[in-house]
Amino acid sequence: MNFWNFLSEKQNIFYISSVLAVFILLARFFSIQIESGELYRQKSDENSIKIETKIPVRGNIYDRNGLLIADNRPAFSVYLIRSRTKPKTIEFVSKLLKISKEDILKKLRKGGPFQPVKIARNVDQIILTTLQENILELPGVEWKIEPKRHYFYNEAFSHVLGTLGEIDEKGLNNNKEYEPGDIVGKKGIEKSLDKELRGKKGYEFVKVDALGRVVEKIDQQENSLPYPGKDLYLSIDARLQEYADSLFGDKRGALVAIDVRNGEVLTLLSNPSYDLNIFTGPVDPTIWSELISDTLHPLYDRASQSTYPPGSTYKIVAAIAALNEGIISRWWSVNCPGYFRIGRSVVRCWKSDGHGTMDLVNAIKNSCNVYFYRLGLEIGIDVWSEYSNLFGFGHKTGIELNNEKRGLVPSEAFYKKAYGAITPGLLANLAIGQGELLVTPIQMAQFASILANEGVYYQPHLVYKLQDNITQNEKVYKPAPKKIEKIRPEVFKIIKSAMQKVVSEGTGAAARIIGVDLAGKTGTAQNPHGASHSWFICFAPYENPEIALCIVVENGGSGSAVAAPMAGKYLRRYFYLKGEFDYEKERKILYEIWKKKKELEEEQKKKEEQLQVQFPL
């Protein structure tokens with residue numbers, strides 16, 4: 001083979017190789033641009049098109065009269081996008097927001113690579129300005145304007161409304177609608193009605209540049225506007241709620257008032273309370289530490305979560321059980337010498353010199369312990385437990401508060417497990433509302449409502465109505481009535497008559513109101529951790545009841561001296577707001593009564609002086 005032939009072969013190989021290379025290149029272009037064009041177009045869009053989540057405005061909360069309790073104000077939140085975030089961005093943001101790098105990385109891991117993850121909410125203008133000034137050096141940083149809760153009543157509604165906070169990992173796993181950083185209800189009505197209040201998110205497709213900045217909005221069918229949350233109208237009357245708050249002052253305890261005609265809760269107050277505004281943003285660790293270490297436990301809802309022995313208020317249950325089962329009659333009597341002997345033990349009545357001979361009505365009126373010690377032994381544990389459960393004790397009322405407690409109604413099985421057997425002393429103690437028996441204030445308010453309506457009652461509820469602001473549709477909450485069928489009407493009438501005498505003549509006299517007839521029962525519940533708890537339950541008016549009320553004051557002492565007068569003050573305000581009570585008129589009547597009493601005392605004094613002159617010693 002000569003040189004020219006060899007060169008010709010090499011040229012042929014080169015030409016053939018070139019043609020093959022061009023053919024392969026064209027085939028690859030065809031595959032990429034034609035066959036896989038749509039796939040790569042989508043991948044390109046993923047790099048330049050982003051889905052922006054639009055946060056809906058949380059529904060406002062009003063009282064029953066339309067008074068605004070909570071609304072929303074604009075606030076800034078800072079986000080990071082994991083795929084674009086560099087170590088220097090995390091370093092800068094960590095120092096600026098005072099959040100540890102570990103916490104930031106933990107939050108980023110919860111989201112997708114292109115999903116904005118909320119790092120901080122409710123940041124101030126100074127922080128936002130600093131981020132804007134350094135945005136070119138902080139890839140992956142975004143901020144959004146989002147609604148922030150604003151409260152008009154900082155403390156009086158704290159346990160009713162509850163708090164908001166960022167969703168936790170458990171919540172994210174249980175519901176795919178949520179994203180990291182979403183704000184959800186954590187306690188109270190904000191939690192139980194979170195779905196209705198939060199609304200639905202909107203989504204918008206936008207085109208971004210290499211720095212993640214929005215350069216163009218894309219009109220796609222998948223775009224959707226956020227749907228605002230529904231407005232909530234509570235059954236609570238804000239005027240009564242605030243007034244109840246003022247009645248407690250520094251006292252610990254709870255007040256629950258229910259409209260007996262429909263179950264609407266007019267007041268639900270737990271004291272001490274806390275400032276709701278603390279929880280509208282990230283909680284200061286120092287403040288949080290103070291709250292959870294506070295020995296008064298302000299975060300605890302005493303109305304639905306705290307359980308107490310009810311004391312003498314629970315004597316009504318024993319009385320109804322004994323009457324309805326035919327164990328005693330209304331005239332069954334017991335002599336009270338001030339003490340009662342059970343085996344080798346002696347238990348005392350609150351009145352040390354005794355009440356004398358008491359029938360049922362007088363025993364309730366004077367809250368005689370000896371009478372009910374005897375009655376408890378006559379009833380027995382099975383009947384007592386049955387009627388306790390019949391009135392809803394040992395069960396949740398179903399009010400829209402997720403942490404409601406059941407309380408405890410001991411049974412014979414309970415005592416066999418705990419002590420081997422139930423003794424007469426334990427049974428006598430239960431009949432006066434002591435021992436292992438535990439109830440909540442909301443249960444006692446429901447009990448007063450049942451008594452008022454002679455067995456008819458409604459599930460207590462805080463929701464008056466929900467309103468959709470787009471459609472203007474309303475959903476009014478109207479629970480169906482329930483009835484305790486087992487108890488005879490004449491039994492309720494005897495008990496109600498006795499409760500009326502408690503206020504008009506007996507231990508509940510401090511709750512009396514001029515012009516309004518009411519029925520109630522005092523209670524002084526001993527507890528091993530300090531002074532007795534002060535109780536009072538009642539309903540009014542007596543003839544056509546509208547409102548049932550329960551007040552408990554922790555370590556307050558006597559129910560007649562502490563809780564009963566508080567109930568009188570609350571009911572005065574209730575009827576005053578309805579235009580059915582006149583403070584000035586009552587003051588004048590009481591002054592005339594006082595004046596007449598003074599005149600009689602003066603007249604008696606003069607007669608005694610005249611007798612001393614006529615018949616000196």
# chains A, B, ... in the order shown; residues from 1 in each chain; ligands from 1

$ residues_around --residues "segment 357-373 of chain A" --least-positions-apart "3" --cutoff "9 Å" --atoms "only C-alpha atoms" --output "ChimeraX atom specification"
/A:312-313,315-316,318-319,329-340,347-351,354,376-378,425,427-432,494-495,497-503,505-508,521-523

$ residues_around --residues "Leu266 of chain A" --least-positions-apart "4" --cutoff "9 Å" --atoms "only C-alpha atoms" --output "JSON, numbers by chain"
{"A": [64, 234, 235, 236, 237, 238, 240, 241, 256, 257, 258, 259, 462, 547]}

$ residues_around --residues "segment 567-582 of chain A" --least-positions-apart "4" --cutoff "10 Å" --atoms "only C-alpha atoms" --output "NGL selection string"
:A and (237 or 239-241 or 243-244 or 247 or 255 or 257 or 266 or 508-516 or 518 or 520 or 535-541 or 547-551 or 562-563 or 586-587)

$ select_by_dssp --residues "segment 100-273 of chain A" --states "strand (DSSP E or B)" --output "ChimeraX atom specification"
/A:116-123,141-151,164-166,183-185,200,202-208,214-217,224,227,231-234,253-259,264-271

$ residues_around --residues "segment 98-115 of chain A" --least-positions-apart "5" --cutoff "10 Å" --atoms "only C-alpha atoms" --output "PyMOL selection string"
chain A and resi 46-47+50-53+79-85+87+90-93+120+140+169+172+179-181

$ select_by_dssp --residues "segment 70-280 of chain A" --states "helix (DSSP H, G or I)" --output "PyMOL selection string"
chain A and resi 87-97+101-110+125-133+135-137+158-161+169-174+188-192+194-198+238-248+276-279

$ closest_residue --among "A:Pro56, A:Gly455, A:Gly407, A:Pro310" --to "Glu490 of chain A" --atoms "only C-alpha atoms"
A:Gly455

$ atom_distance --atom1 "atom CA of Glu222 of chain A" --atom2 "atom CA of Arg121 of chain A"
27.5 Å

$ closest_residue --among "A:Ile127, A:Ala452, A:Val553, A:Ile183" --to "Gly281 of chain A" --atoms "only C-alpha atoms"
A:Ile183

$ atom_distance --atom1 "atom CA of Gly394 of chain A" --atom2 "atom CA of Tyr233 of chain A"
29.7 Å

$ atom_distance --atom1 "atom CA of Val260 of chain A" --atom2 "atom CA of Glu485 of chain A"
17.5 Å

$ residues_around --residues "Phe76 of chain A" --least-positions-apart "5" --cutoff "9 Å" --atoms "only C-alpha atoms" --output "PDB file with C-alpha atoms, in the first residue's frame"
ATOM      1  CA  ALA A 120     -39.652  32.502  62.147  1.00  0.00           C
ATOM      2  CA  ARG A 121     -42.962  34.339  62.442  1.00  0.00           C
ATOM      3  CA  ASN A 122     -43.940  37.797  63.576  1.00  0.00           C
ATOM      4  CA  VAL A 123     -40.488  39.264  62.902  1.00  0.00           C
ATOM      5  CA  ASP A 124     -40.086  43.008  63.368  1.00  0.00           C
ATOM      6  CA  GLN A 125     -39.277  45.662  60.757  1.00  0.00           C
ATOM      7  CA  LEU A 128     -36.860  42.488  57.799  1.00  0.00           C
ATOM      8  CA  TRP A 143     -40.555  36.500  53.632  1.00  0.00           C
ATOM      9  CA  LYS A 144     -44.308  36.724  53.499  1.00  0.00           C
ATOM     10  CA  ILE A 145     -47.046  38.832  55.002  1.00  0.00           C
ATOM     11  CA  GLU A 146     -49.316  36.574  57.064  1.00  0.00           C
ATOM     12  CA  PRO A 147     -52.215  37.164  59.479  1.00  0.00           C
ATOM     13  CA  LYS A 148     -51.433  37.285  63.190  1.00  0.00           C
TER      14      LYS A 148
END

$ closest_residue --among "A:Leu67, A:Val78, A:Leu299, A:Ile55" --to "Gln132 of chain A" --atoms "only C-alpha atoms"
A:Val78

$ decode --residues "segment 266-302 of chain A" --atoms "N, CA and C atoms" --output "mmCIF file, in the first residue's frame"
data_model
loop_
_atom_site.group_PDB
_atom_site.id
_atom_site.type_symbol
_atom_site.label_atom_id
_atom_site.label_comp_id
_atom_site.auth_asym_id
_atom_site.auth_seq_id
_atom_site.Cartn_x
_atom_site.Cartn_y
_atom_site.Cartn_z
ATOM 1 N N LEU A 266 -72.897 31.033 79.106
ATOM 2 C CA LEU A 266 -72.847 32.496 79.132
ATOM 3 C C LEU A 266 -71.533 33.004 79.703
ATOM 4 N N THR A 267 -70.975 32.258 80.622
ATOM 5 C CA THR A 267 -69.678 32.602 81.204
ATOM 6 C C THR A 267 -68.937 31.317 81.519
ATOM 7 N N LEU A 268 -67.668 31.272 81.155
ATOM 8 C CA LEU A 268 -66.783 30.192 81.564
ATOM 9 C C LEU A 268 -65.460 30.841 81.928
ATOM 10 N N LEU A 269 -65.233 30.971 83.226
ATOM 11 C CA LEU A 269 -64.057 31.698 83.693
ATOM 12 C C LEU A 269 -63.214 30.813 84.598
ATOM 13 N N SER A 270 -61.925 30.828 84.349
ATOM 14 C CA SER A 270 -60.964 30.164 85.224
ATOM 15 C C SER A 270 -59.951 31.202 85.684
ATOM 16 N N ASN A 271 -59.676 31.227 86.968
ATOM 17 C CA ASN A 271 -58.746 32.214 87.513
ATOM 18 C C ASN A 271 -57.751 31.519 88.448
ATOM 19 N N PRO A 272 -56.446 31.836 88.343
ATOM 20 C CA PRO A 272 -55.838 32.887 87.525
ATOM 21 C C PRO A 272 -55.764 32.504 86.048
ATOM 22 N N SER A 273 -55.572 33.528 85.235
ATOM 23 C CA SER A 273 -55.501 33.340 83.786
ATOM 24 C C SER A 273 -54.130 33.781 83.286
ATOM 25 N N TYR A 274 -54.000 33.941 81.985
ATOM 26 C CA TYR A 274 -52.734 34.372 81.397
ATOM 27 C C TYR A 274 -53.023 35.307 80.234
ATOM 28 N N ASP A 275 -52.012 36.043 79.804
ATOM 29 C CA ASP A 275 -52.156 37.015 78.724
ATOM 30 C C ASP A 275 -52.043 36.294 77.375
ATOM 31 N N LEU A 276 -53.134 36.297 76.620
ATOM 32 C CA LEU A 276 -53.148 35.626 75.320
ATOM 33 C C LEU A 276 -52.117 36.191 74.352
ATOM 34 N N ASN A 277 -51.800 37.473 74.489
ATOM 35 C CA ASN A 277 -50.865 38.102 73.555
ATOM 36 C C ASN A 277 -49.455 37.525 73.651
ATOM 37 N N ILE A 278 -49.153 36.835 74.754
ATOM 38 C CA ILE A 278 -47.857 36.166 74.886
ATOM 39 C C ILE A 278 -47.672 35.118 73.790
ATOM 40 N N PHE A 279 -48.795 34.521 73.356
ATOM 41 C CA PHE A 279 -48.737 33.385 72.434
ATOM 42 C C PHE A 279 -49.029 33.762 70.986
ATOM 43 N N THR A 280 -49.077 35.055 70.675
ATOM 44 C CA THR A 280 -49.319 35.445 69.287
ATOM 45 C C THR A 280 -48.068 35.306 68.419
ATOM 46 N N GLY A 281 -46.924 35.147 69.052
ATOM 47 C CA GLY A 281 -45.668 34.947 68.333
ATOM 48 C C GLY A 281 -44.845 33.926 69.083
ATOM 49 N N PRO A 282 -43.574 33.773 68.723
ATOM 50 C CA PRO A 282 -42.700 32.868 69.476
ATOM 51 C C PRO A 282 -42.665 33.289 70.949
ATOM 52 N N VAL A 283 -42.867 32.327 71.841
ATOM 53 C CA VAL A 283 -42.946 32.631 73.271
ATOM 54 C C VAL A 283 -41.546 32.804 73.840
ATOM 55 N N ASP A 284 -41.355 33.902 74.547
ATOM 56 C CA ASP A 284 -40.081 34.153 75.217
ATOM 57 C C ASP A 284 -39.815 33.017 76.212
ATOM 58 N N PRO A 285 -38.658 32.342 76.119
ATOM 59 C CA PRO A 285 -38.366 31.213 77.019
ATOM 60 C C PRO A 285 -38.467 31.571 78.492
ATOM 61 N N THR A 286 -38.080 32.799 78.832
ATOM 62 C CA THR A 286 -38.152 33.218 80.239
ATOM 63 C C THR A 286 -39.605 33.285 80.708
ATOM 64 N N ILE A 287 -40.467 33.879 79.858
ATOM 65 C CA ILE A 287 -41.895 33.986 80.216
ATOM 66 C C ILE A 287 -42.523 32.609 80.290
ATOM 67 N N TRP A 288 -42.186 31.733 79.348
ATOM 68 C CA TRP A 288 -42.735 30.377 79.348
ATOM 69 C C TRP A 288 -42.325 29.627 80.615
ATOM 70 N N SER A 289 -41.077 29.778 81.003
ATOM 71 C CA SER A 289 -40.582 29.122 82.216
ATOM 72 C C SER A 289 -41.336 29.615 83.449
ATOM 73 N N GLU A 290 -41.608 30.917 83.479
ATOM 74 C CA GLU A 290 -42.358 31.483 84.611
ATOM 75 C C GLU A 290 -43.782 30.938 84.655
ATOM 76 N N LEU A 291 -44.407 30.791 83.474
ATOM 77 C CA LEU A 291 -45.782 30.300 83.429
ATOM 78 C C LEU A 291 -45.901 28.859 83.900
ATOM 79 N N ILE A 292 -45.013 27.999 83.415
ATOM 80 C CA ILE A 292 -45.139 26.575 83.755
ATOM 81 C C ILE A 292 -44.646 26.275 85.162
ATOM 82 N N SER A 293 -43.829 27.160 85.733
ATOM 83 C CA SER A 293 -43.346 26.938 87.101
ATOM 84 C C SER A 293 -44.187 27.672 88.145
ATOM 85 N N ASP A 294 -45.151 28.473 87.686
ATOM 86 C CA ASP A 294 -46.017 29.223 88.602
ATOM 87 C C ASP A 294 -46.853 28.240 89.428
ATOM 88 N N THR A 295 -46.753 28.330 90.739
ATOM 89 C CA THR A 295 -47.473 27.401 91.621
ATOM 90 C C THR A 295 -48.989 27.601 91.566
ATOM 91 N N LEU A 296 -49.453 28.727 91.018
ATOM 92 C CA LEU A 296 -50.889 28.972 90.881
ATOM 93 C C LEU A 296 -51.465 28.333 89.621
ATOM 94 N N HIS A 297 -50.600 27.835 88.745
ATOM 95 C CA HIS A 297 -50.996 27.126 87.515
ATOM 96 C C HIS A 297 -51.980 27.924 86.660
ATOM 97 N N PRO A 298 -51.571 29.086 86.160
ATOM 98 C CA PRO A 298 -52.487 29.913 85.353
ATOM 99 C C PRO A 298 -52.863 29.292 84.015
ATOM 100 N N LEU A 299 -52.064 28.362 83.487
ATOM 101 C CA LEU A 299 -52.366 27.731 82.194
ATOM 102 C C LEU A 299 -53.449 26.658 82.317
ATOM 103 N N TYR A 300 -53.787 26.297 83.529
ATOM 104 C CA TYR A 300 -54.734 25.210 83.779
ATOM 105 C C TYR A 300 -56.155 25.751 83.817
ATOM 106 N N ASP A 301 -57.040 25.128 83.026
ATOM 107 C CA ASP A 301 -58.444 25.547 82.983
ATOM 108 C C ASP A 301 -59.209 24.877 84.120
ATOM 109 N N ARG A 302 -59.456 25.643 85.173
ATOM 110 C CA ARG A 302 -60.119 25.071 86.343
ATOM 111 C C ARG A 302 -61.593 24.749 86.092
#
